[in-house]
Amino acid sequence: MNAAMETVIIVAGGSGSRMQTELPKQFIEIDGKAVLIHTIEAFLAYNSSINIIIVLPKGFEELWGMKIKKSFPQQEIMVCVGGATRTESVKNGLSLCSNKGIVAIHDAARPFASAKLIGECFTIAQQKGSCIPCISCNDSARVITNTIEKQSTINVDLESSFFDRSKLLMVQTPQCFDAMKLKELYANSNKNFSDDAALWESAGEKIFVCEGETKNFKITTPIDLLVAKAILTS
């Protein structure tokens, strides 16, 4: 365990629209516990003294703030409300974070990060200033070459070309950074970023990577939920 102060901001502010359920994915129960609770347990398994900040969607903060306290009565877990975007949610979480040490930003819907992976991310970030876990792409890859209105939807109007998958990395969380520097970057940026590494890199800072874990996937779709249930009940 590192001597430097360690904090994790678990971003649970999403609506989970791709899960096709009324309840956001991070609150769905697997093996008798919500996904979010499993995720908190993963970080406590790594470091029982880690500082934990939970960013909850608006309207869920009171109920789930109480549930978190009930589930972890011995832990001082801070809770705040998320914003309209992931960037705003992380900003809100960082407002509760100390300027000292290393801060990790983690998706609430990734409950299977191992203590080994979490520790490696913190250690490298302490040494280098940043660390994000990545895994190789196992599928053939293509890149979109034309501009259409909705590129998020795969359809016959898309034009694409081959992309060398050996040059492609799939990014996971926790993404770990020097806390003071990350807070400064978020405070001085008005743009939205898909993740914290994108903001860090946009400021000219270098991103260091470590090998992620296949099991550390993000529960996003109903099929992901079935896989998660299989992992926890096997």
# chains A, B, ... in the order shown; residues from 1 in each chain; ligands from 1
$ residues_around --residues "Glu211 of chain A" --least-positions-apart "3" --cutoff "12 Å" --atoms "only C-alpha atoms" --output "compact mmCIF listing (two decimals) with N, CA and C atoms, in the first residue's frame"
# COMPACT_ATOMS: atom_id res chain seq x y z
N ALA A 113 -12.82 -4.65 -10.53
CA ALA A 113 -11.40 -4.29 -10.52
C ALA A 113 -10.74 -4.95 -9.32
N LYS A 116 -5.08 -5.87 -6.95
CA LYS A 116 -3.79 -5.78 -7.64
C LYS A 116 -3.81 -4.67 -8.68
N LEU A 117 -4.87 -4.62 -9.49
CA LEU A 117 -4.97 -3.59 -10.53
C LEU A 117 -5.08 -2.21 -9.91
N ILE A 118 -5.94 -2.05 -8.92
CA ILE A 118 -6.10 -0.75 -8.26
C ILE A 118 -4.76 -0.28 -7.69
N GLU A 120 -1.72 -1.11 -8.61
CA GLU A 120 -0.77 -0.77 -9.67
C GLU A 120 -1.06 0.62 -10.23
N CYS A 121 -2.34 0.93 -10.41
CA CYS A 121 -2.71 2.25 -10.93
C CYS A 121 -2.27 3.36 -9.98
N ILE A 124 1.80 3.61 -9.94
CA ILE A 124 2.38 4.26 -11.12
C ILE A 124 2.04 5.75 -11.14
N CYS A 131 -1.89 7.38 -14.37
CA CYS A 131 -1.92 5.99 -14.82
C CYS A 131 -3.35 5.59 -15.15
N ILE A 132 -3.52 4.97 -16.31
CA ILE A 132 -4.83 4.43 -16.67
C ILE A 132 -4.65 2.98 -17.11
N PRO A 133 -5.58 2.09 -16.75
CA PRO A 133 -5.49 0.71 -17.20
C PRO A 133 -6.09 0.54 -18.59
N CYS A 134 -5.44 -0.26 -19.42
CA CYS A 134 -5.92 -0.50 -20.78
C CYS A 134 -5.78 -1.98 -21.12
N ILE A 135 -6.62 -2.45 -22.01
CA ILE A 135 -6.49 -3.81 -22.53
C ILE A 135 -6.42 -3.76 -24.05
N SER A 136 -5.83 -4.79 -24.62
CA SER A 136 -5.71 -4.86 -26.08
C SER A 136 -7.06 -5.12 -26.72
N LEU A 169 -5.94 0.57 -28.03
CA LEU A 169 -6.10 0.15 -26.65
C LEU A 169 -7.49 0.50 -26.16
N MET A 170 -8.11 -0.39 -25.41
CA MET A 170 -9.41 -0.17 -24.83
C MET A 170 -9.22 0.32 -23.40
N VAL A 171 -9.75 1.50 -23.10
CA VAL A 171 -9.47 2.17 -21.84
C VAL A 171 -10.46 1.75 -20.75
N GLN A 172 -9.93 1.54 -19.54
CA GLN A 172 -10.75 1.20 -18.39
C GLN A 172 -10.57 2.26 -17.30
N THR A 173 -11.14 2.00 -16.16
CA THR A 173 -10.88 2.77 -14.95
C THR A 173 -10.52 1.75 -13.87
N PRO A 174 -9.85 2.15 -12.77
CA PRO A 174 -9.66 3.52 -12.28
C PRO A 174 -8.56 4.26 -13.04
N PHE A 208 0.35 7.71 -18.66
CA PHE A 208 1.04 6.43 -18.51
C PHE A 208 -0.01 5.34 -18.34
N THR A 214 -9.52 -8.11 -18.18
CA THR A 214 -10.73 -8.41 -18.94
C THR A 214 -11.96 -8.40 -18.05
N ASN A 216 -12.54 -6.53 -15.63
CA ASN A 216 -12.86 -5.16 -15.20
C ASN A 216 -13.68 -4.44 -16.28
$ closest_atom_pairs --of "segment 75-119 of chain A" --to "segment 34-50 of chain A" --cutoff "10 Å" --atoms "only C-alpha atoms" --output "CSV"
residue,atom,partner,partner_atom,distance
A:Gln75,CA,A:Ser49,CA,8.3
A:Glu76,CA,A:Ser49,CA,9.4
A:Ile77,CA,A:Ile50,CA,9.6
A:His106,CA,A:Thr39,CA,9.0
A:Asp107,CA,A:Thr39,CA,8.6
A:Ala108,CA,A:Leu36,CA,5.4
A:Ala109,CA,A:Val35,CA,6.4
A:Arg110,CA,A:Thr39,CA,6.5
A:Pro111,CA,A:Thr39,CA,4.0
A:Phe112,CA,A:Ala42,CA,6.9
A:Ala113,CA,A:Ala42,CA,6.6
A:Ser114,CA,A:Ala42,CA,6.7
A:Ala115,CA,A:Tyr46,CA,4.5
A:Lys116,CA,A:Tyr46,CA,7.6
A:Leu117,CA,A:Tyr46,CA,9.2
A:Ile118,CA,A:Tyr46,CA,7.0
A:Gly119,CA,A:Tyr46,CA,7.0
$ select_by_dssp --residues "segment 132-206 of chain A" --states "helix (DSSP H, G or I)" --output "NGL selection string"
:A and (165-167 or 179-187 or 196-202)
$ closest_atom_pairs --of "segment 121-151 of chain A" --to "segment 156-166 of chain A" --cutoff "6 Å" --atoms "only C-alpha atoms" --output "JSON lines"
{"residue": "A:Ala141", "atom": "CA", "partner": "A:Phe163", "partner_atom": "CA", "distance": 5.3}
{"residue": "A:Arg142", "atom": "CA", "partner": "A:Phe162", "partner_atom": "CA", "distance": 4.6}
{"residue": "A:Val143", "atom": "CA", "partner": "A:Ser160", "partner_atom": "CA", "distance": 5.3}
{"residue": "A:Ile144", "atom": "CA", "partner": "A:Ser160", "partner_atom": "CA", "distance": 4.3}
{"residue": "A:Thr145", "atom": "CA", "partner": "A:Ser160", "partner_atom": "CA", "distance": 5.0}
{"residue": "A:Asn146", "atom": "CA", "partner": "A:Glu159", "partner_atom": "CA", "distance": 5.6}
$ write_last_selection --atoms "C-alpha atoms" --output "PDB file, in the first residue's frame"
ATOM      1  CA  ALA A 141     -11.211  -2.759 -36.094  1.00  0.00           C
ATOM      2  CA  ARG A 142     -12.435  -0.213 -38.622  1.00  0.00           C
ATOM      3  CA  VAL A 143     -12.472   3.593 -38.552  1.00  0.00           C
ATOM      4  CA  ILE A 144     -15.349   5.769 -39.842  1.00  0.00           C
ATOM      5  CA  THR A 145     -14.245   7.827 -42.835  1.00  0.00           C
ATOM      6  CA  ASN A 146     -17.347   9.873 -43.651  1.00  0.00           C
TER       7      ASN A 146
END
$ residues_around --residues "Ala197 of chain A" --least-positions-apart "6" --cutoff "9 Å" --atoms "only C-alpha atoms" --output "list in words"
Ser130, Cys131, Ile132, Gln175, Cys176, Phe177 and Ile207 of chain A
$ write_last_selection --atoms "C-alpha atoms" --output "PDB file, in the first residue's frame"
ATOM      1  CA  SER A 130      -0.879   9.542 -14.032  1.00  0.00           C
ATOM      2  CA  CYS A 131      -1.916   5.986 -14.819  1.00  0.00           C
ATOM      3  CA  ILE A 132      -4.826   4.433 -16.671  1.00  0.00           C
ATOM      4  CA  GLN A 175      -7.838   6.421 -13.899  1.00  0.00           C
ATOM      5  CA  CYS A 176      -5.365   7.790 -11.357  1.00  0.00           C
ATOM      6  CA  PHE A 177      -3.753  11.237 -11.245  1.00  0.00           C
ATOM      7  CA  ILE A 207      -0.622   9.550 -19.886  1.00  0.00           C
TER       8      ILE A 207
END
